[in-house]
$ cat data15.cif   # mmCIF, C-alpha atoms
data_input
#
loop_
_atom_site.label_atom_id
_atom_site.label_comp_id
_atom_site.auth_asym_id
_atom_site.auth_seq_id
_atom_site.Cartn_x
_atom_site.Cartn_y
_atom_site.Cartn_z
CA MET A 1 -55.38 -192.62 -34.35
CA THR A 2 -54.73 -188.98 -33.37
CA SER A 3 -56.72 -185.80 -33.59
CA GLY A 4 -54.54 -184.62 -36.45
CA GLY A 5 -55.09 -181.02 -35.37
CA GLY A 6 -51.84 -180.11 -33.67
CA LYS A 7 -48.13 -180.64 -33.71
CA ARG A 8 -47.08 -184.15 -32.77
CA VAL A 9 -45.87 -184.28 -29.17
CA LEU A 10 -44.83 -187.91 -29.11
CA GLU A 11 -44.73 -190.94 -31.40
CA LEU A 12 -43.96 -194.52 -30.46
CA ASN A 13 -43.32 -197.03 -33.23
CA GLY A 14 -42.91 -200.78 -32.78
CA ILE A 15 -42.27 -200.51 -29.05
CA VAL A 16 -41.26 -203.80 -27.43
CA LYS A 17 -40.45 -204.18 -23.75
CA ASP A 18 -39.00 -207.43 -22.41
CA TYR A 19 -38.26 -208.27 -18.78
CA ALA A 20 -35.91 -211.07 -17.81
CA SER A 21 -36.88 -213.38 -14.94
CA GLU A 22 -35.95 -216.79 -13.59
CA ALA A 23 -38.82 -218.24 -15.60
CA GLY A 24 -37.49 -216.68 -18.79
CA THR A 25 -38.24 -213.52 -20.74
CA PHE A 26 -41.59 -211.81 -20.24
CA ARG A 27 -42.81 -209.51 -23.02
CA ALA A 28 -44.80 -206.67 -21.45
CA LEU A 29 -45.23 -204.69 -24.69
CA ASP A 30 -45.36 -206.32 -28.10
CA GLY A 31 -45.06 -203.89 -31.01
CA VAL A 32 -46.96 -200.85 -29.71
CA ASP A 33 -47.62 -197.86 -31.96
CA VAL A 34 -49.04 -194.71 -30.33
CA ALA A 35 -48.95 -191.07 -31.37
CA VAL A 36 -50.20 -188.05 -29.41
CA ASP A 37 -50.75 -184.62 -30.92
CA GLN A 38 -50.62 -181.28 -29.15
CA GLY A 39 -53.89 -180.47 -27.38
CA GLU A 40 -55.16 -184.03 -27.14
CA PHE A 41 -56.86 -185.42 -24.04
CA LEU A 42 -56.70 -189.19 -24.03
CA SER A 43 -56.70 -192.19 -21.75
CA ILE A 44 -54.68 -195.39 -21.87
CA MET A 45 -56.95 -198.08 -20.51
CA GLY A 46 -56.46 -201.72 -19.63
CA PRO A 47 -56.77 -204.24 -16.81
CA SER A 48 -54.00 -205.07 -14.38
CA GLY A 49 -51.16 -206.80 -16.21
CA SER A 50 -52.19 -205.47 -19.62
CA GLY A 51 -49.01 -203.44 -20.09
CA LYS A 52 -50.49 -200.00 -19.49
CA SER A 53 -48.13 -199.17 -16.62
CA THR A 54 -45.13 -200.25 -18.70
CA LEU A 55 -46.37 -198.09 -21.57
CA MET A 56 -46.83 -195.15 -19.20
CA ASN A 57 -43.27 -195.55 -17.90
CA ILE A 58 -41.88 -195.52 -21.42
CA ILE A 59 -44.00 -192.51 -22.47
CA GLY A 60 -42.86 -190.71 -19.31
CA CYS A 61 -39.18 -191.59 -19.94
CA LEU A 62 -39.06 -193.50 -16.65
CA ASP A 63 -38.05 -196.63 -18.57
CA SER A 64 -36.64 -197.46 -22.00
CA ALA A 65 -37.93 -199.85 -24.63
CA THR A 66 -36.14 -203.05 -25.60
CA GLU A 67 -36.94 -202.38 -29.25
CA GLY A 68 -38.67 -199.66 -31.24
CA ALA A 69 -38.42 -195.90 -31.72
CA TYR A 70 -39.66 -193.04 -29.54
CA ARG A 71 -39.80 -189.52 -30.91
CA PHE A 72 -40.63 -186.62 -28.55
CA ASP A 73 -41.32 -183.29 -30.25
CA GLY A 74 -39.87 -184.80 -33.41
CA VAL A 75 -36.59 -185.85 -31.78
CA ASP A 76 -35.65 -189.53 -31.55
CA ILE A 77 -34.93 -190.12 -27.86
CA SER A 78 -34.57 -193.92 -28.12
CA ALA A 79 -30.85 -193.78 -27.37
CA TYR A 80 -30.96 -191.08 -24.66
CA ASP A 81 -28.97 -191.88 -21.52
CA GLU A 82 -30.43 -191.43 -18.03
CA LYS A 83 -29.12 -187.88 -17.66
CA ALA A 84 -30.75 -186.80 -20.92
CA LEU A 85 -34.00 -188.57 -20.03
CA ALA A 86 -34.04 -186.90 -16.60
CA LYS A 87 -33.69 -183.46 -18.22
CA LEU A 88 -36.49 -184.25 -20.68
CA ARG A 89 -38.75 -185.42 -17.84
CA ASN A 90 -38.16 -182.28 -15.79
CA ASP A 91 -38.45 -179.85 -18.70
CA SER A 92 -41.21 -181.37 -20.80
CA ILE A 93 -43.34 -183.90 -18.85
CA GLY A 94 -45.53 -183.21 -15.82
CA PHE A 95 -46.47 -186.22 -13.69
CA VAL A 96 -49.57 -186.72 -11.54
CA PHE A 97 -49.70 -189.87 -9.40
CA GLN A 98 -52.48 -191.72 -7.61
CA GLN A 99 -50.97 -191.11 -4.16
CA PHE A 100 -50.16 -187.40 -4.79
CA ASN A 101 -46.43 -187.82 -3.85
CA LEU A 102 -46.28 -184.46 -2.07
CA LEU A 103 -43.49 -183.76 0.42
CA PRO A 104 -45.27 -183.64 3.81
CA ARG A 105 -43.07 -180.98 5.43
CA LEU A 106 -43.37 -178.53 2.56
CA SER A 107 -46.16 -176.03 1.96
CA SER A 108 -48.35 -176.21 -1.12
CA ARG A 109 -46.31 -173.37 -2.60
CA ALA A 110 -43.00 -175.15 -1.99
CA ASN A 111 -44.32 -178.46 -3.36
CA VAL A 112 -45.51 -176.80 -6.56
CA ALA A 113 -42.25 -174.87 -6.93
CA LEU A 114 -40.05 -177.93 -6.54
CA PRO A 115 -39.55 -178.70 -10.27
CA LEU A 116 -38.47 -175.08 -10.77
CA VAL A 117 -35.66 -175.51 -8.25
CA TYR A 118 -34.07 -178.08 -10.56
CA SER A 119 -34.55 -175.70 -13.49
CA GLY A 120 -32.56 -172.96 -11.75
CA VAL A 121 -35.46 -170.51 -11.37
CA SER A 122 -35.01 -167.85 -8.68
CA LEU A 123 -36.91 -168.15 -5.39
CA LYS A 124 -39.01 -165.07 -6.12
CA ASP A 125 -39.99 -166.25 -9.60
CA ARG A 126 -40.75 -169.83 -8.59
CA ASN A 127 -42.94 -168.69 -5.69
CA ALA A 128 -44.84 -166.37 -8.02
CA ARG A 129 -45.29 -169.20 -10.53
CA ALA A 130 -46.44 -171.58 -7.79
CA ASP A 131 -49.03 -169.09 -6.50
CA GLU A 132 -50.29 -168.53 -10.05
CA LEU A 133 -50.75 -172.27 -10.57
CA LEU A 134 -52.39 -172.83 -7.18
CA ALA A 135 -54.93 -170.15 -8.12
CA LEU A 136 -55.42 -171.84 -11.48
CA VAL A 137 -56.39 -175.14 -9.81
CA GLY A 138 -58.69 -173.44 -7.31
CA LEU A 139 -56.41 -173.32 -4.27
CA GLU A 140 -55.91 -169.60 -3.80
CA GLY A 141 -55.38 -169.01 -0.09
CA LYS A 142 -53.84 -172.47 0.48
CA GLU A 143 -50.30 -171.50 -0.49
CA LEU A 144 -48.86 -172.07 2.99
CA SER A 145 -50.91 -175.16 3.87
CA ARG A 146 -49.08 -178.45 4.26
CA PRO A 147 -50.47 -181.67 2.73
CA SER A 148 -51.82 -182.84 6.12
CA GLN A 149 -53.98 -179.72 6.27
CA LEU A 150 -55.59 -180.44 2.89
CA SER A 151 -58.25 -182.87 1.75
CA GLY A 152 -57.37 -185.61 -0.74
CA GLY A 153 -58.88 -183.63 -3.59
CA GLN A 154 -56.94 -180.52 -2.61
CA GLN A 155 -53.71 -182.52 -2.40
CA GLN A 156 -54.30 -183.85 -5.91
CA ARG A 157 -54.89 -180.29 -7.12
CA VAL A 158 -51.52 -179.32 -5.62
CA ALA A 159 -50.01 -182.28 -7.49
CA VAL A 160 -51.59 -181.08 -10.75
CA ALA A 161 -50.24 -177.57 -10.17
CA ARG A 162 -46.77 -179.00 -9.50
CA ALA A 163 -46.98 -181.02 -12.73
CA LEU A 164 -47.65 -177.78 -14.63
CA ALA A 165 -44.78 -175.84 -13.04
CA ASN A 166 -42.41 -176.05 -16.00
CA ASN A 167 -45.18 -175.56 -18.57
CA PRO A 168 -44.68 -179.13 -19.84
CA ARG A 169 -45.45 -180.35 -23.33
CA LEU A 170 -47.23 -183.36 -21.80
CA LEU A 171 -49.24 -183.93 -18.62
CA LEU A 172 -49.08 -187.63 -17.71
CA ALA A 173 -51.40 -188.89 -14.98
CA ASP A 174 -51.37 -192.37 -13.41
CA GLU A 175 -54.80 -193.26 -11.93
CA PRO A 176 -55.22 -189.64 -10.72
CA THR A 177 -58.61 -190.33 -9.11
CA GLY A 178 -57.74 -193.74 -7.66
CA ALA A 179 -57.28 -192.48 -4.08
CA LEU A 180 -60.32 -190.18 -4.16
CA ASP A 181 -64.03 -190.61 -3.50
CA THR A 182 -66.39 -190.45 -6.46
CA LYS A 183 -67.37 -186.79 -6.08
CA THR A 184 -63.81 -185.57 -5.56
CA GLY A 185 -62.56 -187.75 -8.40
CA ALA A 186 -65.12 -186.18 -10.72
CA GLU A 187 -63.90 -182.72 -9.70
CA VAL A 188 -60.29 -183.65 -10.47
CA LEU A 189 -61.33 -185.03 -13.87
CA ALA A 190 -63.20 -181.79 -14.53
CA LEU A 191 -59.99 -179.92 -13.74
CA PHE A 192 -58.12 -181.98 -16.35
CA ARG A 193 -60.88 -181.29 -18.88
CA ASP A 194 -60.73 -177.56 -18.16
CA LEU A 195 -56.93 -177.46 -18.47
CA ASN A 196 -57.21 -179.22 -21.81
CA ALA A 197 -60.13 -177.21 -23.20
CA ALA A 198 -59.21 -173.75 -21.90
CA ARG A 199 -55.41 -173.91 -21.94
CA GLY A 200 -54.68 -176.58 -24.53
CA VAL A 201 -52.78 -178.79 -22.10
CA THR A 202 -51.93 -182.13 -23.72
CA ALA A 203 -52.96 -184.78 -21.21
CA VAL A 204 -52.67 -188.56 -21.06
CA ILE A 205 -54.44 -190.42 -18.23
CA VAL A 206 -53.54 -194.03 -17.50
CA THR A 207 -56.46 -195.86 -15.91
CA HIS A 208 -58.33 -199.13 -15.48
CA ASP A 209 -61.58 -197.24 -14.79
CA PRO A 210 -64.07 -196.91 -17.69
CA GLY A 211 -65.63 -193.90 -15.95
CA VAL A 212 -62.32 -192.03 -16.05
CA ALA A 213 -61.65 -193.03 -19.66
CA ALA A 214 -65.14 -191.83 -20.62
CA ALA A 215 -64.17 -188.30 -19.56
CA THR A 216 -61.39 -188.16 -22.17
CA ASN A 217 -61.73 -187.54 -25.91
CA ARG A 218 -59.81 -190.60 -27.05
CA VAL A 219 -59.27 -194.07 -25.60
CA VAL A 220 -56.28 -196.30 -26.25
CA ARG A 221 -57.00 -199.81 -24.97
CA ILE A 222 -54.15 -202.20 -24.30
CA GLN A 223 -54.40 -205.93 -23.68
CA ASP A 224 -51.56 -208.43 -23.30
CA GLY A 225 -49.07 -205.80 -24.42
CA ARG A 226 -50.85 -204.88 -27.64
CA ILE A 227 -53.13 -202.02 -28.63
CA THR A 228 -56.63 -203.41 -29.25
CA TYR A 229 -58.51 -200.14 -29.70
CA ASP A 230 -57.64 -196.53 -30.46
CA GLY A 231 -60.57 -194.19 -30.93
CA PRO A 232 -63.42 -192.29 -29.28
CA PRO A 233 -64.78 -193.39 -25.88
CA THR A 234 -67.78 -195.35 -27.11
CA GLU A 235 -69.69 -197.71 -24.82
CA GLN A 236 -68.21 -200.70 -26.63
CA ALA A 237 -64.68 -199.35 -26.36
CA LEU A 238 -65.03 -198.67 -22.64
CA ALA A 239 -66.43 -202.14 -22.08
CA GLY A 240 -63.60 -203.70 -24.06
CA VAL A 241 -65.99 -205.12 -26.65
CA GLY A 242 -64.93 -205.39 -30.27
CA HIS A 243 -61.83 -204.09 -32.00
CA ALA A 244 -61.54 -200.81 -33.84
CA TYR A 245 -57.78 -200.35 -33.92
CA ASP A 246 -56.46 -198.59 -36.95
CA PRO A 247 -52.71 -197.94 -36.63
CA ALA A 248 -52.90 -195.50 -39.51
#

$ encode --input "data15.cif" --output "structure tokens"
Amino acid sequence: MTSGGGKRVLELNGIVKDYASEAGTFRALDGVDVAVDQGEFLSIMGPSGSGKSTLMNIIGCLDSATEGAYRFDGVDISAYDEKALAKLRNDSIGFVFQQFNLLPRLSSRANVALPLVYSGVSLKDRNARADELLALVGLEGKELSRPSQLSGGQQQRVAVARALANNPRLLLADEPTGALDTKTGAEVLALFRDLNAARGVTAVIVTHDPGVAAATNRVVRIQDGRITYDGPPTEQALAGVGHAYDPA
């Protein structure tokens, strides 16, 4: 299921991911089909071991599928090598992680500007872009603060600003509220909602938390490597009750 309202950002068809171990081959994903349209705000939800992290890594081009096809902006990237995947990640996908992953010795401005360094943007332009994004996420006046001088919520806002630096086609967040208290987590979720509603940012949040999934417009549930639900965040869907998966 997709919103059907915008251009397709990504489409996964028949994705299989196998891992080899001493005990034999483990299948983490077993024929996954997922499509995301421009402007969507959705969550990928599942318990530990369900395959959601593996799916996130494939969506984010951090890993490749064993079988299946992956199209990003209409281009089949299934056979991309690591160099091509790295360029796609930097140019088109913004990542937000549970533990912020900020460089402790750098200011907020320098942390946000980091992806622009790899894109060859001049110092003046990347600083201006970083300051613009810090203001966007409510951190005007914190440009020169280091991570240790910021609260957890502020650090995550810096991480969101950094993820937006290259104006990515997709914002991909892995448990973005997992290291935050309830109030701060709600504020970060509200920031994601605002970015989606006001600026049309396409966002995918990977979570095990029904409360986080409830804040999104669409829930994709995964269990034992298979999609079991793809639709609105109803109470039943968030509780993992029933099946309403329609791959069409």

$ residues_near_point --input "data15.cif" --point "(-48.9, -182.5, -25.8)" --cutoff "8 Å" --atoms "all atoms listed in the file" --output "PyMOL selection string"
chain A and resi 8-10+36-40+169-171+201-203

$ residues_around --input "data15.cif" --residues "A:Ala165" --least-positions-apart "2" --cutoff "9 Å" --atoms "all atoms listed in the file" --output "PDB file with C-alpha atoms, in the coordinates of the input"
ATOM      1  CA  GLY A  94     -45.530-183.210 -15.820  1.00  0.00           C
ATOM      2  CA  VAL A 112     -45.510-176.800  -6.560  1.00  0.00           C
ATOM      3  CA  ALA A 113     -42.250-174.870  -6.930  1.00  0.00           C
ATOM      4  CA  LEU A 114     -40.050-177.930  -6.540  1.00  0.00           C
ATOM      5  CA  PRO A 115     -39.550-178.700 -10.270  1.00  0.00           C
ATOM      6  CA  LEU A 116     -38.470-175.080 -10.770  1.00  0.00           C
ATOM      7  CA  ARG A 126     -40.750-169.830  -8.590  1.00  0.00           C
ATOM      8  CA  ARG A 129     -45.290-169.200 -10.530  1.00  0.00           C
ATOM      9  CA  ALA A 130     -46.440-171.580  -7.790  1.00  0.00           C
ATOM     10  CA  LEU A 133     -50.750-172.270 -10.570  1.00  0.00           C
ATOM     11  CA  VAL A 160     -51.590-181.080 -10.750  1.00  0.00           C
ATOM     12  CA  ALA A 161     -50.240-177.570 -10.170  1.00  0.00           C
ATOM     13  CA  ARG A 162     -46.770-179.000  -9.500  1.00  0.00           C
ATOM     14  CA  ALA A 163     -46.980-181.020 -12.730  1.00  0.00           C
ATOM     15  CA  ASN A 167     -45.180-175.560 -18.570  1.00  0.00           C
ATOM     16  CA  PRO A 168     -44.680-179.130 -19.840  1.00  0.00           C
TER      17      PRO A 168
END

$ resolve_selection --input "data15.cif" --expression "the PyMOL selection byres ((chain A and resi 48-58) around 10)" --output "JSON list (two decimals) with C-alpha atoms, in the coordinates of the input"
[["chain", "number", "residue", "atom", "x", "y", "z"],
["A", 12, "LEU", "CA", -43.96, -194.52, -30.46],
["A", 15, "ILE", "CA", -42.27, -200.51, -29.05],
["A", 16, "VAL", "CA", -41.26, -203.80, -27.43],
["A", 17, "LYS", "CA", -40.45, -204.18, -23.75],
["A", 27, "ARG", "CA", -42.81, -209.51, -23.02],
["A", 28, "ALA", "CA", -44.80, -206.67, -21.45],
["A", 29, "LEU", "CA", -45.23, -204.69, -24.69],
["A", 30, "ASP", "CA", -45.36, -206.32, -28.10],
["A", 32, "VAL", "CA", -46.96, -200.85, -29.71],
["A", 34, "VAL", "CA", -49.04, -194.71, -30.33],
["A", 44, "ILE", "CA", -54.68, -195.39, -21.87],
["A", 45, "MET", "CA", -56.95, -198.08, -20.51],
["A", 46, "GLY", "CA", -56.46, -201.72, -19.63],
["A", 47, "PRO", "CA", -56.77, -204.24, -16.81],
["A", 59, "ILE", "CA", -44.00, -192.51, -22.47],
["A", 60, "GLY", "CA", -42.86, -190.71, -19.31],
["A", 61, "CYS", "CA", -39.18, -191.59, -19.94],
["A", 62, "LEU", "CA", -39.06, -193.50, -16.65],
["A", 63, "ASP", "CA", -38.05, -196.63, -18.57],
["A", 64, "SER", "CA", -36.64, -197.46, -22.00],
["A", 65, "ALA", "CA", -37.93, -199.85, -24.63],
["A", 70, "TYR", "CA", -39.66, -193.04, -29.54],
["A", 172, "LEU", "CA", -49.08, -187.63, -17.71],
["A", 173, "ALA", "CA", -51.40, -188.89, -14.98],
["A", 174, "ASP", "CA", -51.37, -192.37, -13.41],
["A", 204, "VAL", "CA", -52.67, -188.56, -21.06],
["A", 205, "ILE", "CA", -54.44, -190.42, -18.23],
["A", 206, "VAL", "CA", -53.54, -194.03, -17.50],
["A", 207, "THR", "CA", -56.46, -195.86, -15.91],
["A", 208, "HIS", "CA", -58.33, -199.13, -15.48],
["A", 220, "VAL", "CA", -56.28, -196.30, -26.25],
["A", 221, "ARG", "CA", -57.00, -199.81, -24.97],
["A", 222, "ILE", "CA", -54.15, -202.20, -24.30],
["A", 223, "GLN", "CA", -54.40, -205.93, -23.68],
["A", 224, "ASP", "CA", -51.56, -208.43, -23.30],
["A", 225, "GLY", "CA", -49.07, -205.80, -24.42],
["A", 226, "ARG", "CA", -50.85, -204.88, -27.64],
["A", 227, "ILE", "CA", -53.13, -202.02, -28.63]]

$ closest_residue --input "data15.cif" --among "A:Ala84, A:Asn166, A:Thr216, A:Leu150" --to "A:Ala197" --atoms "all atoms listed in the file"
A:Thr216

$ closest_residue --input "data15.cif" --among "A:Ser107, A:Ala128, A:Gly211, A:Gly153" --to "A:Ala179" --atoms "all atoms listed in the file"
A:Gly153

$ closest_residue --input "data15.cif" --among "A:Asp91, A:Tyr19, A:Gly31, A:Lys142" --to "A:Thr228" --atoms "all atoms listed in the file"
A:Gly31

$ decode --input "data15.cif" --residues "stretch 14-74 of chain A" --atoms "C-alpha atoms" --output "PDB file, in the first residue's frame"
ATOM      1  CA  GLY A  14      10.643  -9.850  -3.779  1.00  0.00           C
ATOM      2  CA  ILE A  15      13.469  -8.873  -1.440  1.00  0.00           C
ATOM      3  CA  VAL A  16      15.231 -11.847   0.155  1.00  0.00           C
ATOM      4  CA  LYS A  17      18.156 -11.525   2.542  1.00  0.00           C
ATOM      5  CA  ASP A  18      20.093 -14.609   3.659  1.00  0.00           C
ATOM      6  CA  TYR A  19      22.918 -14.732   6.185  1.00  0.00           C
ATOM      7  CA  ALA A  20      25.333 -17.640   6.362  1.00  0.00           C
ATOM      8  CA  SER A  21      26.338 -19.006   9.767  1.00  0.00           C
ATOM      9  CA  GLU A  22      27.870 -22.138  11.237  1.00  0.00           C
ATOM     10  CA  ALA A  23      24.361 -23.419  11.868  1.00  0.00           C
ATOM     11  CA  GLY A  24      23.424 -22.906   8.230  1.00  0.00           C
ATOM     12  CA  THR A  25      21.660 -20.191   6.265  1.00  0.00           C
ATOM     13  CA  PHE A  26      19.366 -17.792   8.119  1.00  0.00           C
ATOM     14  CA  ARG A  27      16.712 -15.989   6.076  1.00  0.00           C
ATOM     15  CA  ALA A  28      16.159 -12.544   7.579  1.00  0.00           C
ATOM     16  CA  LEU A  29      13.829 -11.301   4.819  1.00  0.00           C
ATOM     17  CA  ASP A  30      11.587 -13.603   2.831  1.00  0.00           C
ATOM     18  CA  GLY A  31      10.027 -12.002  -0.249  1.00  0.00           C
ATOM     19  CA  VAL A  32       9.384  -8.439   0.942  1.00  0.00           C
ATOM     20  CA  ASP A  33       7.500  -5.963  -1.242  1.00  0.00           C
ATOM     21  CA  VAL A  34       7.440  -2.316  -0.113  1.00  0.00           C
ATOM     22  CA  ALA A  35       6.905   0.910  -2.033  1.00  0.00           C
ATOM     23  CA  VAL A  36       7.177   4.475  -0.727  1.00  0.00           C
ATOM     24  CA  ASP A  37       5.844   7.516  -2.554  1.00  0.00           C
ATOM     25  CA  GLN A  38       7.089  11.079  -2.299  1.00  0.00           C
ATOM     26  CA  GLY A  39       5.640  12.882   0.715  1.00  0.00           C
ATOM     27  CA  GLU A  40       4.753   9.786   2.712  1.00  0.00           C
ATOM     28  CA  PHE A  41       5.346   9.493   6.454  1.00  0.00           C
ATOM     29  CA  LEU A  42       5.433   5.860   7.490  1.00  0.00           C
ATOM     30  CA  SER A  43       6.818   3.514  10.093  1.00  0.00           C
ATOM     31  CA  ILE A  44       8.291   0.046   9.759  1.00  0.00           C
ATOM     32  CA  MET A  45       7.335  -1.775  12.920  1.00  0.00           C
ATOM     33  CA  GLY A  46       8.227  -5.143  14.380  1.00  0.00           C
ATOM     34  CA  PRO A  47       9.713  -6.847  17.425  1.00  0.00           C
ATOM     35  CA  SER A  48      13.390  -7.633  17.847  1.00  0.00           C
ATOM     36  CA  GLY A  49      14.447 -10.250  15.310  1.00  0.00           C
ATOM     37  CA  SER A  50      11.536  -9.546  12.971  1.00  0.00           C
ATOM     38  CA  GLY A  51      13.753  -8.334  10.128  1.00  0.00           C
ATOM     39  CA  LYS A  52      12.999  -4.627  10.433  1.00  0.00           C
ATOM     40  CA  SER A  53      16.646  -3.640  10.931  1.00  0.00           C
ATOM     41  CA  THR A  54      17.688  -5.726   7.925  1.00  0.00           C
ATOM     42  CA  LEU A  55      14.951  -4.079   5.868  1.00  0.00           C
ATOM     43  CA  MET A  56      16.096  -0.646   7.036  1.00  0.00           C
ATOM     44  CA  ASN A  57      19.687  -1.421   6.025  1.00  0.00           C
ATOM     45  CA  ILE A  58      18.582  -2.456   2.554  1.00  0.00           C
ATOM     46  CA  ILE A  59      16.304   0.589   2.130  1.00  0.00           C
ATOM     47  CA  GLY A  60      19.185   2.802   3.275  1.00  0.00           C
ATOM     48  CA  CYS A  61      21.656   1.105   0.890  1.00  0.00           C
ATOM     49  CA  LEU A  62      23.779   0.001   3.854  1.00  0.00           C
ATOM     50  CA  ASP A  63      23.345  -3.616   2.748  1.00  0.00           C
ATOM     51  CA  SER A  64      22.301  -5.455  -0.407  1.00  0.00           C
ATOM     52  CA  ALA A  65      19.620  -8.080  -0.901  1.00  0.00           C
ATOM     53  CA  THR A  66      20.386 -11.703  -1.726  1.00  0.00           C
ATOM     54  CA  GLU A  67      17.494 -11.734  -4.195  1.00  0.00           C
ATOM     55  CA  GLY A  68      14.932  -9.262  -5.471  1.00  0.00           C
ATOM     56  CA  ALA A  69      14.869  -5.828  -7.092  1.00  0.00           C
ATOM     57  CA  TYR A  70      15.288  -2.365  -5.578  1.00  0.00           C
ATOM     58  CA  ARG A  71      14.363   0.721  -7.567  1.00  0.00           C
ATOM     59  CA  PHE A  72      15.215   4.184  -6.175  1.00  0.00           C
ATOM     60  CA  ASP A  73      13.650   7.106  -8.035  1.00  0.00           C
ATOM     61  CA  GLY A  74      12.800   4.664 -10.805  1.00  0.00           C
TER      62      GLY A  74
END
